[in-house]
>>> print(open('work39.pdb').read())   # PDB, C-alpha atoms
ATOM      1  CA  MET A  22     -10.470   1.306  -1.630  1.00  0.00           C
ATOM      2  CA  HIS A  23     -10.651   4.932  -2.769  1.00  0.00           C
ATOM      3  CA  GLU A  24     -11.439   6.124   0.757  1.00  0.00           C
ATOM      4  CA  LEU A  25      -8.707   3.939   2.227  1.00  0.00           C
ATOM      5  CA  ILE A  26      -6.098   5.288  -0.215  1.00  0.00           C
ATOM      6  CA  ASN A  27      -7.134   8.866   0.588  1.00  0.00           C
ATOM      7  CA  TRP A  28      -6.948   8.119   4.312  1.00  0.00           C
ATOM      8  CA  LEU A  29      -3.450   6.665   3.928  1.00  0.00           C
ATOM      9  CA  LEU A  30      -2.358   9.662   1.855  1.00  0.00           C
ATOM     10  CA  SER A  31      -3.598  12.068   4.505  1.00  0.00           C
ATOM     11  CA  THR A  32      -2.166   9.946   7.332  1.00  0.00           C
ATOM     12  CA  ILE A  33       1.257   9.580   5.743  1.00  0.00           C
ATOM     13  CA  GLY A  34       1.202  13.226   4.718  1.00  0.00           C
ATOM     14  CA  ALA A  35       0.404  14.275   8.287  1.00  0.00           C
ATOM     15  CA  MET A  36       2.738  11.866  10.093  1.00  0.00           C
ATOM     16  CA  GLY A  37       5.475  11.940   7.463  1.00  0.00           C
ATOM     17  CA  TYR A  38       8.287   9.429   7.644  1.00  0.00           C
ATOM     18  CA  PRO A  39       7.318   8.130  11.123  1.00  0.00           C
ATOM     19  CA  GLY A  40       3.919   7.237   9.648  1.00  0.00           C
ATOM     20  CA  ILE A  41       5.554   5.156   6.917  1.00  0.00           C
ATOM     21  CA  PHE A  42       7.771   3.467   9.496  1.00  0.00           C
ATOM     22  CA  LEU A  43       4.847   2.705  11.816  1.00  0.00           C
ATOM     23  CA  LEU A  44       2.498   1.405   9.109  1.00  0.00           C
ATOM     24  CA  MET A  45       5.183  -0.852   7.606  1.00  0.00           C
ATOM     25  CA  ALA A  46       6.125  -2.146  11.064  1.00  0.00           C
ATOM     26  CA  MET A  47       2.478  -3.042  11.585  1.00  0.00           C
ATOM     27  CA  GLU A  48       2.322  -4.608   8.085  1.00  0.00           C
ATOM     28  CA  SER A  49       5.353  -6.748   8.843  1.00  0.00           C
ATOM     29  CA  SER A  50       4.050  -8.055  12.154  1.00  0.00           C
ATOM     30  CA  ILE A  51       0.643  -9.486  12.944  1.00  0.00           C
ATOM     31  CA  ILE A  52      -1.500  -6.546  11.778  1.00  0.00           C
ATOM     32  CA  PRO A  53      -2.516  -7.207   8.156  1.00  0.00           C
ATOM     33  CA  ILE A  54      -1.998  -3.775   6.596  1.00  0.00           C
ATOM     34  CA  PRO A  55      -1.073  -4.452   2.936  1.00  0.00           C
ATOM     35  CA  SER A  56       2.208  -2.837   1.938  1.00  0.00           C
ATOM     36  CA  GLU A  57       0.600  -2.260  -1.467  1.00  0.00           C
ATOM     37  CA  LEU A  58      -1.570   0.385   0.220  1.00  0.00           C
ATOM     38  CA  VAL A  59       1.249   2.059   2.153  1.00  0.00           C
ATOM     39  CA  MET A  60       4.295   2.520  -0.064  1.00  0.00           C
ATOM     40  CA  PRO A  61       2.643   3.615  -3.364  1.00  0.00           C
ATOM     41  CA  PRO A  62       0.980   6.600  -1.612  1.00  0.00           C
ATOM     42  CA  ALA A  63       4.385   7.443  -0.141  1.00  0.00           C
ATOM     43  CA  GLY A  64       5.845   7.309  -3.647  1.00  0.00           C
ATOM     44  CA  TYR A  65       3.091   9.601  -4.895  1.00  0.00           C
ATOM     45  CA  LEU A  66       3.806  12.104  -2.119  1.00  0.00           C
ATOM     46  CA  ALA A  67       7.494  11.966  -3.076  1.00  0.00           C
ATOM     47  CA  GLN A  68       6.588  12.679  -6.693  1.00  0.00           C
ATOM     48  CA  GLN A  69       4.576  15.694  -5.500  1.00  0.00           C
ATOM     49  CA  GLY A  70       7.571  16.942  -3.525  1.00  0.00           C
ATOM     50  CA  GLY A  71       6.049  16.121  -0.151  1.00  0.00           C
ATOM     51  CA  MET A  72       8.914  13.868   0.893  1.00  0.00           C
ATOM     52  CA  ASN A  73      12.170  12.343  -0.312  1.00  0.00           C
ATOM     53  CA  LEU A  74      11.750   9.109  -2.278  1.00  0.00           C
ATOM     54  CA  TRP A  75      14.748   7.309  -0.823  1.00  0.00           C
ATOM     55  CA  VAL A  76      14.089   8.392   2.746  1.00  0.00           C
ATOM     56  CA  ALA A  77      10.573   6.986   2.344  1.00  0.00           C
ATOM     57  CA  VAL A  78      12.055   3.687   1.086  1.00  0.00           C
ATOM     58  CA  LEU A  79      14.488   3.642   4.010  1.00  0.00           C
ATOM     59  CA  CYS A  80      11.706   4.244   6.543  1.00  0.00           C
ATOM     60  CA  GLY A  81       9.517   1.568   4.975  1.00  0.00           C
ATOM     61  CA  THR A  82      12.340  -0.961   4.975  1.00  0.00           C
ATOM     62  CA  ALA A  83      13.356  -0.146   8.551  1.00  0.00           C
ATOM     63  CA  GLY A  84       9.739  -0.464   9.656  1.00  0.00           C
ATOM     64  CA  SER A  85       9.559  -3.887   8.007  1.00  0.00           C
ATOM     65  CA  LEU A  86      12.616  -5.016   9.974  1.00  0.00           C
ATOM     66  CA  VAL A  87      11.188  -3.809  13.283  1.00  0.00           C
ATOM     67  CA  GLY A  88       7.862  -5.517  12.628  1.00  0.00           C
ATOM     68  CA  ALA A  89       9.671  -8.703  11.640  1.00  0.00           C
ATOM     69  CA  TYR A  90      11.563  -8.642  14.929  1.00  0.00           C
ATOM     70  CA  VAL A  91       8.314  -8.350  16.862  1.00  0.00           C
ATOM     71  CA  ASN A  92       7.283 -11.717  15.425  1.00  0.00           C
ATOM     72  CA  TYR A  93      10.815 -13.103  15.819  1.00  0.00           C
ATOM     73  CA  PHE A  94      11.046 -12.356  19.536  1.00  0.00           C
ATOM     74  CA  ALA A  95       7.438 -13.410  20.182  1.00  0.00           C
ATOM     75  CA  ALA A  96       8.133 -16.789  18.591  1.00  0.00           C
ATOM     76  CA  HIS A  97      11.539 -17.191  20.234  1.00  0.00           C
ATOM     77  CA  TYR A  98      10.618 -16.268  23.807  1.00  0.00           C
ATOM     78  CA  LEU A  99       6.954 -17.294  23.873  1.00  0.00           C
ATOM     79  CA  GLY A 100       6.312 -19.779  21.086  1.00  0.00           C
ATOM     80  CA  ARG A 101       9.370 -21.971  21.552  1.00  0.00           C
ATOM     81  CA  PRO A 102       8.778 -22.809  25.258  1.00  0.00           C
ATOM     82  CA  LEU A 103       5.079 -23.398  24.603  1.00  0.00           C
ATOM     83  CA  ILE A 104       5.740 -25.725  21.670  1.00  0.00           C
ATOM     84  CA  LEU A 105       8.365 -27.701  23.567  1.00  0.00           C
ATOM     85  CA  LYS A 106       6.058 -28.025  26.579  1.00  0.00           C
ATOM     86  CA  TYR A 107       2.657 -28.525  24.960  1.00  0.00           C
ATOM     87  CA  GLY A 108       3.424 -29.410  21.351  1.00  0.00           C
ATOM     88  CA  ARG A 109       2.913 -33.116  21.898  1.00  0.00           C
ATOM     89  CA  TYR A 110      -0.765 -32.444  22.550  1.00  0.00           C
ATOM     90  CA  VAL A 111      -1.179 -31.183  18.966  1.00  0.00           C
ATOM     91  CA  TRP A 112       1.122 -33.788  17.404  1.00  0.00           C
ATOM     92  CA  ILE A 113       4.209 -31.566  17.385  1.00  0.00           C
ATOM     93  CA  THR A 114       6.810 -33.796  18.973  1.00  0.00           C
ATOM     94  CA  GLU A 115      10.289 -32.666  19.935  1.00  0.00           C
ATOM     95  CA  GLU A 116      11.607 -34.727  17.021  1.00  0.00           C
ATOM     96  CA  LYS A 117       9.411 -32.908  14.495  1.00  0.00           C
ATOM     97  CA  PHE A 118      10.300 -29.581  16.035  1.00  0.00           C
ATOM     98  CA  ALA A 119      13.994 -30.451  15.782  1.00  0.00           C
ATOM     99  CA  GLN A 120      13.549 -31.290  12.088  1.00  0.00           C
ATOM    100  CA  VAL A 121      11.913 -27.929  11.390  1.00  0.00           C
ATOM    101  CA  GLU A 122      14.599 -26.188  13.415  1.00  0.00           C
ATOM    102  CA  SER A 123      17.338 -28.029  11.539  1.00  0.00           C
ATOM    103  CA  PHE A 124      15.778 -27.111   8.178  1.00  0.00           C
ATOM    104  CA  PHE A 125      15.708 -23.445   9.075  1.00  0.00           C
ATOM    105  CA  HIS A 126      19.286 -23.540  10.328  1.00  0.00           C
ATOM    106  CA  ARG A 127      20.342 -24.947   6.933  1.00  0.00           C
ATOM    107  CA  HIS A 128      18.049 -22.900   4.708  1.00  0.00           C
ATOM    108  CA  GLY A 129      17.070 -19.927   6.847  1.00  0.00           C
ATOM    109  CA  GLU A 130      18.771 -17.313   4.683  1.00  0.00           C
ATOM    110  CA  ILE A 131      17.010 -18.164   1.429  1.00  0.00           C
ATOM    111  CA  SER A 132      13.718 -18.768   3.275  1.00  0.00           C
ATOM    112  CA  THR A 133      13.848 -15.370   4.986  1.00  0.00           C
ATOM    113  CA  PHE A 134      14.806 -13.508   1.818  1.00  0.00           C
ATOM    114  CA  ILE A 135      12.125 -15.055  -0.380  1.00  0.00           C
ATOM    115  CA  GLY A 136       9.553 -14.927   2.399  1.00  0.00           C
ATOM    116  CA  ARG A 137       9.912 -11.144   2.614  1.00  0.00           C
ATOM    117  CA  LEU A 138       8.975 -10.855  -1.062  1.00  0.00           C
ATOM    118  CA  LEU A 139       5.740 -12.841  -0.927  1.00  0.00           C
ATOM    119  CA  PRO A 140       2.313 -11.840   0.409  1.00  0.00           C
ATOM    120  CA  VAL A 141       1.057 -13.574   3.555  1.00  0.00           C
ATOM    121  CA  VAL A 142       4.414 -15.358   3.882  1.00  0.00           C
ATOM    122  CA  ARG A 143       6.110 -12.071   4.773  1.00  0.00           C
ATOM    123  CA  HIS A 144       3.892 -11.826   7.855  1.00  0.00           C
ATOM    124  CA  LEU A 145       4.778 -15.359   8.979  1.00  0.00           C
ATOM    125  CA  ILE A 146       8.385 -16.037   7.952  1.00  0.00           C
ATOM    126  CA  SER A 147       9.768 -14.393  11.097  1.00  0.00           C
ATOM    127  CA  LEU A 148       8.017 -16.981  13.280  1.00  0.00           C
ATOM    128  CA  PRO A 149      10.085 -20.045  12.252  1.00  0.00           C
ATOM    129  CA  ALA A 150      13.179 -17.826  12.274  1.00  0.00           C
ATOM    130  CA  GLY A 151      12.458 -16.940  15.884  1.00  0.00           C
ATOM    131  CA  LEU A 152      11.611 -20.510  16.834  1.00  0.00           C
ATOM    132  CA  ALA A 153      14.898 -21.708  15.348  1.00  0.00           C
ATOM    133  CA  GLY A 154      16.870 -18.867  16.929  1.00  0.00           C
ATOM    134  CA  MET A 155      18.249 -17.726  13.570  1.00  0.00           C
ATOM    135  CA  ASN A 156      21.435 -15.656  13.755  1.00  0.00           C
ATOM    136  CA  HIS A 157      20.471 -11.999  14.220  1.00  0.00           C
ATOM    137  CA  LEU A 158      22.948 -10.664  11.684  1.00  0.00           C
ATOM    138  CA  LYS A 159      21.726 -13.047   8.979  1.00  0.00           C
ATOM    139  CA  PHE A 160      18.077 -12.485   9.892  1.00  0.00           C
ATOM    140  CA  SER A 161      18.504  -8.718   9.713  1.00  0.00           C
ATOM    141  CA  LEU A 162      20.506  -8.829   6.487  1.00  0.00           C
ATOM    142  CA  TYR A 163      18.112 -11.043   4.527  1.00  0.00           C
ATOM    143  CA  THR A 164      15.023  -9.340   5.956  1.00  0.00           C
ATOM    144  CA  LEU A 165      16.369  -5.928   4.934  1.00  0.00           C
ATOM    145  CA  LEU A 166      17.346  -7.222   1.500  1.00  0.00           C
ATOM    146  CA  GLY A 167      13.979  -8.807   0.721  1.00  0.00           C
ATOM    147  CA  ALA A 168      11.896  -6.046   2.291  1.00  0.00           C
ATOM    148  CA  GLY A 169      14.024  -3.363   0.659  1.00  0.00           C
ATOM    149  CA  ILE A 170      13.428  -4.771  -2.815  1.00  0.00           C
ATOM    150  CA  TRP A 171       9.665  -5.003  -2.339  1.00  0.00           C
ATOM    151  CA  VAL A 172       9.358  -1.593  -0.675  1.00  0.00           C
ATOM    152  CA  THR A 173      11.390   0.028  -3.455  1.00  0.00           C
ATOM    153  CA  ILE A 174       9.227  -1.539  -6.176  1.00  0.00           C
ATOM    154  CA  LEU A 175       6.001  -0.345  -4.568  1.00  0.00           C
ATOM    155  CA  THR A 176       7.346   3.145  -3.907  1.00  0.00           C
ATOM    156  CA  TRP A 177       8.462   3.527  -7.528  1.00  0.00           C
ATOM    157  CA  ILE A 178       5.008   2.397  -8.687  1.00  0.00           C
ATOM    158  CA  GLY A 179       3.417   5.181  -6.679  1.00  0.00           C
ATOM    159  CA  TYR A 180       6.030   7.674  -7.850  1.00  0.00           C
ATOM    160  CA  PHE A 181       5.432   7.051 -11.543  1.00  0.00           C
ATOM    161  CA  ILE A 182       1.688   6.321 -11.520  1.00  0.00           C
ATOM    162  CA  GLY A 183       0.462   8.859  -8.988  1.00  0.00           C
ATOM    163  CA  GLU A 184      -2.811   8.402  -7.111  1.00  0.00           C
ATOM    164  CA  ASN A 185      -4.645   6.370  -9.754  1.00  0.00           C
ATOM    165  CA  GLN A 186      -5.825   3.514  -7.513  1.00  0.00           C
ATOM    166  CA  GLY A 187      -6.767   1.239 -10.393  1.00  0.00           C
ATOM    167  CA  LEU A 188      -3.355   1.480 -12.012  1.00  0.00           C
ATOM    168  CA  ILE A 189      -1.573   1.168  -8.671  1.00  0.00           C
ATOM    169  CA  MET A 190      -3.317  -2.134  -7.925  1.00  0.00           C
ATOM    170  CA  LYS A 191      -2.804  -3.321 -11.515  1.00  0.00           C
ATOM    171  CA  TYR A 192       0.927  -2.694 -11.499  1.00  0.00           C
ATOM    172  CA  SER A 193       1.271  -3.929  -7.920  1.00  0.00           C
ATOM    173  CA  HIS A 194      -0.239  -7.251  -9.008  1.00  0.00           C
ATOM    174  CA  GLN A 195       2.091  -7.350 -12.019  1.00  0.00           C
ATOM    175  CA  ALA A 196       5.051  -6.623  -9.745  1.00  0.00           C
ATOM    176  CA  LEU A 197       3.911  -9.411  -7.429  1.00  0.00           C
ATOM    177  CA  LEU A 198       3.760 -11.823 -10.355  1.00  0.00           C
ATOM    178  CA  GLY A 199       7.271 -10.816 -11.393  1.00  0.00           C
ATOM    179  CA  VAL A 200       8.561 -11.255  -7.859  1.00  0.00           C
ATOM    180  CA  LEU A 201       6.858 -14.660  -7.647  1.00  0.00           C
ATOM    181  CA  LEU A 202       8.531 -15.831 -10.871  1.00  0.00           C
ATOM    182  CA  PHE A 203      11.859 -14.487  -9.634  1.00  0.00           C
ATOM    183  CA  SER A 204      11.419 -16.356  -6.333  1.00  0.00           C
ATOM    184  CA  ILE A 205      10.600 -19.621  -8.123  1.00  0.00           C
ATOM    185  CA  GLY A 206      13.678 -19.240 -10.325  1.00  0.00           C
ATOM    186  CA  LEU A 207      15.848 -18.470  -7.302  1.00  0.00           C
ATOM    187  CA  ILE A 208      14.537 -21.534  -5.457  1.00  0.00           C
ATOM    188  CA  VAL A 209      15.286 -23.759  -8.462  1.00  0.00           C
ATOM    189  CA  VAL A 210      18.848 -22.429  -8.675  1.00  0.00           C
ATOM    190  CA  TYR A 211      19.320 -22.792  -4.909  1.00  0.00           C
ATOM    191  CA  VAL A 212      18.036 -26.380  -4.844  1.00  0.00           C
ATOM    192  CA  ARG A 213      20.268 -27.384  -7.763  1.00  0.00           C
ATOM    193  CA  ARG A 214      23.349 -25.829  -6.207  1.00  0.00           C
ATOM    194  CA  HIS A 215      22.524 -27.364  -2.845  1.00  0.00           C
ATOM    195  CA  ARG A 216      22.115 -30.840  -4.352  1.00  0.00           C
ATOM    196  CA  LYS A 217      25.329 -30.416  -6.314  1.00  0.00           C
ATOM    197  CA  LYS A 218      27.138 -29.380  -3.155  1.00  0.00           C
ATOM    198  CA  ILE A 219      25.793 -32.408  -1.299  1.00  0.00           C
ATOM    199  CA  GLY A 220      26.842 -34.651  -4.191  1.00  0.00           C
ATOM    200  CA  VAL A 221      30.375 -33.234  -4.202  1.00  0.00           C
ATOM    201  CA  THR A 222      30.644 -33.625  -0.439  1.00  0.00           C
ATOM    202  CA  ALA A 223      29.451 -37.224  -0.584  1.00  0.00           C
ATOM    203  CA  THR A 224      31.949 -38.012  -3.351  1.00  0.00           C
ATOM    204  CA  VAL A 225      34.804 -36.533  -1.343  1.00  0.00           C
ATOM    205  CA  VAL A 226      33.797 -38.474   1.783  1.00  0.00           C
ATOM    206  CA  ILE A 227      33.468 -41.753  -0.137  1.00  0.00           C
ATOM    207  CA  GLY A 228      36.800 -41.183  -1.842  1.00  0.00           C
ATOM    208  CA  GLU A 229      38.725 -40.570   1.376  1.00  0.00           C
ATOM    209  CA  PRO A 230      41.191 -43.381   2.254  1.00  0.00           C
ATOM    210  CA  GLU A 231      40.447 -45.357   5.366  1.00  0.00           C
TER     211      GLU A 231
END
>>> encode(input="work39.pdb", output="structure tokens")
Amino acid sequence: MHELINWLLSTIGAMGYPGIFLLMAMESSIIPIPSELVMPPAGYLAQQGGMNLWVAVLCGTAGSLVGAYVNYFAAHYLGRPLILKYGRYVWITEEKFAQVESFFHRHGEISTFIGRLLPVVRHLISLPAGLAGMNHLKFSLYTLLGAGIWVTILTWIGYFIGENQGLIMKYSHQALLGVLLFSIGLIVVYVRRHRKKIGVTATVVIGEPE
């Protein structure tokens, strides 16, 4: 871990903002580079005066969006035709695919936003978005929002803690726990509002005169 952190510090220091952008694009696609090992070193370099904190956050967030779109387009232009053609051989019927697609059309925004905040999920959430052909404006907006929050948290951790790897991982795990609790609370609120909305709609439909 110590050697990896030092390598990332030297790499980001040498490549600058493009290095942050590239590493976060890789982290957001299929290459499992943990963002917890990319943005805190960038924050530390900002604290040392090596770069601007907010430009680093912007580059990290933009890289996350680009990496997310790699998965989005791969799923949309490669995964969708393959699933529709060969899915029945692995028990993915067109009906099941339509159900998943319909779910993401109805709940894609909240799924994309929360997915960007959670480990592992952030690497995968772009795939169902691409399969469902999620609106690009909404996909970009909620990806940027979720990624921006997480990138900012990690960068601030590095800015205030420095290069102490033990403390960086400790506070990164605490931040992850906080984000997880926030996501659970947001899901509960969303589900309640969604059910209430469905209930109101059903009442209005039932109450309409024939």
>>> atom_distance(input="work39.pdb", atom1="CA of Ser132 (chain A)", atom2="CA of Tyr38 (chain A)")
29.0 Å
>>> closest_residue(input="work39.pdb", among="A:Gln68, A:Asn156, A:Ser204, A:Ser31", to="Ile135 (chain A)", atoms="all atoms listed in the file")
A:Ser204
>>> resolve_selection(input="work39.pdb", expression="the PyMOL selection byres ((chain A and resi 79) around 12)", output="list in words")
Tyr38, Pro39, Ile41, Phe42, Met45, Met60, Ala63, Asn73, Leu74, Trp75, Val76, Ala77, Val78, Cys80, Gly81, Thr82, Ala83, Gly84, Ser85, Leu86, Leu165, Leu166, Ala168, Gly169, Ile170, Trp171, Val172, Thr173 and Thr176 of chain A
>>> closest_atom_pairs(input="work39.pdb", of="region 43-129 of chain A", to="region 149-152 of chain A", cutoff="8 Å", atoms="all atoms listed in the file", output="CSV")
residue,atom,partner,partner_atom,distance
A:Asn92,CA,A:Gly151,CA,7.4
A:Tyr93,CA,A:Gly151,CA,4.2
A:Phe94,CA,A:Gly151,CA,6.0
A:Ala95,CA,A:Gly151,CA,7.5
A:Ala96,CA,A:Gly151,CA,5.1
A:His97,CA,A:Gly151,CA,4.5
A:Gly100,CA,A:Leu152,CA,6.8
A:Arg101,CA,A:Leu152,CA,5.4
A:Glu122,CA,A:Leu152,CA,7.3
A:Phe125,CA,A:Ala150,CA,6.9
A:Gly129,CA,A:Ala150,CA,7.0
>>> atom_distance(input="work39.pdb", atom1="CA of Glu130 (chain A)", atom2="CA of Ile205 (chain A)")
15.4 Å
>>> closest_residue(input="work39.pdb", among="A:Leu145, A:Ala46, A:Pro55, A:Ile131", to="Leu162 (chain A)", atoms="all atoms listed in the file")
A:Ile131
>>> resolve_selection(input="work39.pdb", expression="the PyMOL selection byres ((chain A and resi 196) around 12)", output="list in words")
Glu57, Leu138, Leu139, Pro140, Ile170, Trp171, Val172, Thr173, Ile174, Leu175, Thr176, Trp177, Ile178, Leu188, Ile189, Met190, Lys191, Tyr192, Ser193, His194, Gln195, Leu197, Leu198, Gly199, Val200, Leu201, Leu202 and Phe203 of chain A
>>> atom_distance(input="work39.pdb", atom1="CA of Arg213 (chain A)", atom2="CA of Ser123 (chain A)")
19.5 Å
>>> closest_residue(input="work39.pdb", among="A:Ser161, A:Lys217, A:Gly179, A:Ile208", to="Pro61 (chain A)", atoms="all atoms listed in the file")
A:Gly179
>>> closest_residue(input="work39.pdb", among="A:Leu43, A:Val59, A:Ala153, A:Met36", to="His128 (chain A)", atoms="all atoms listed in the file")
A:Ala153
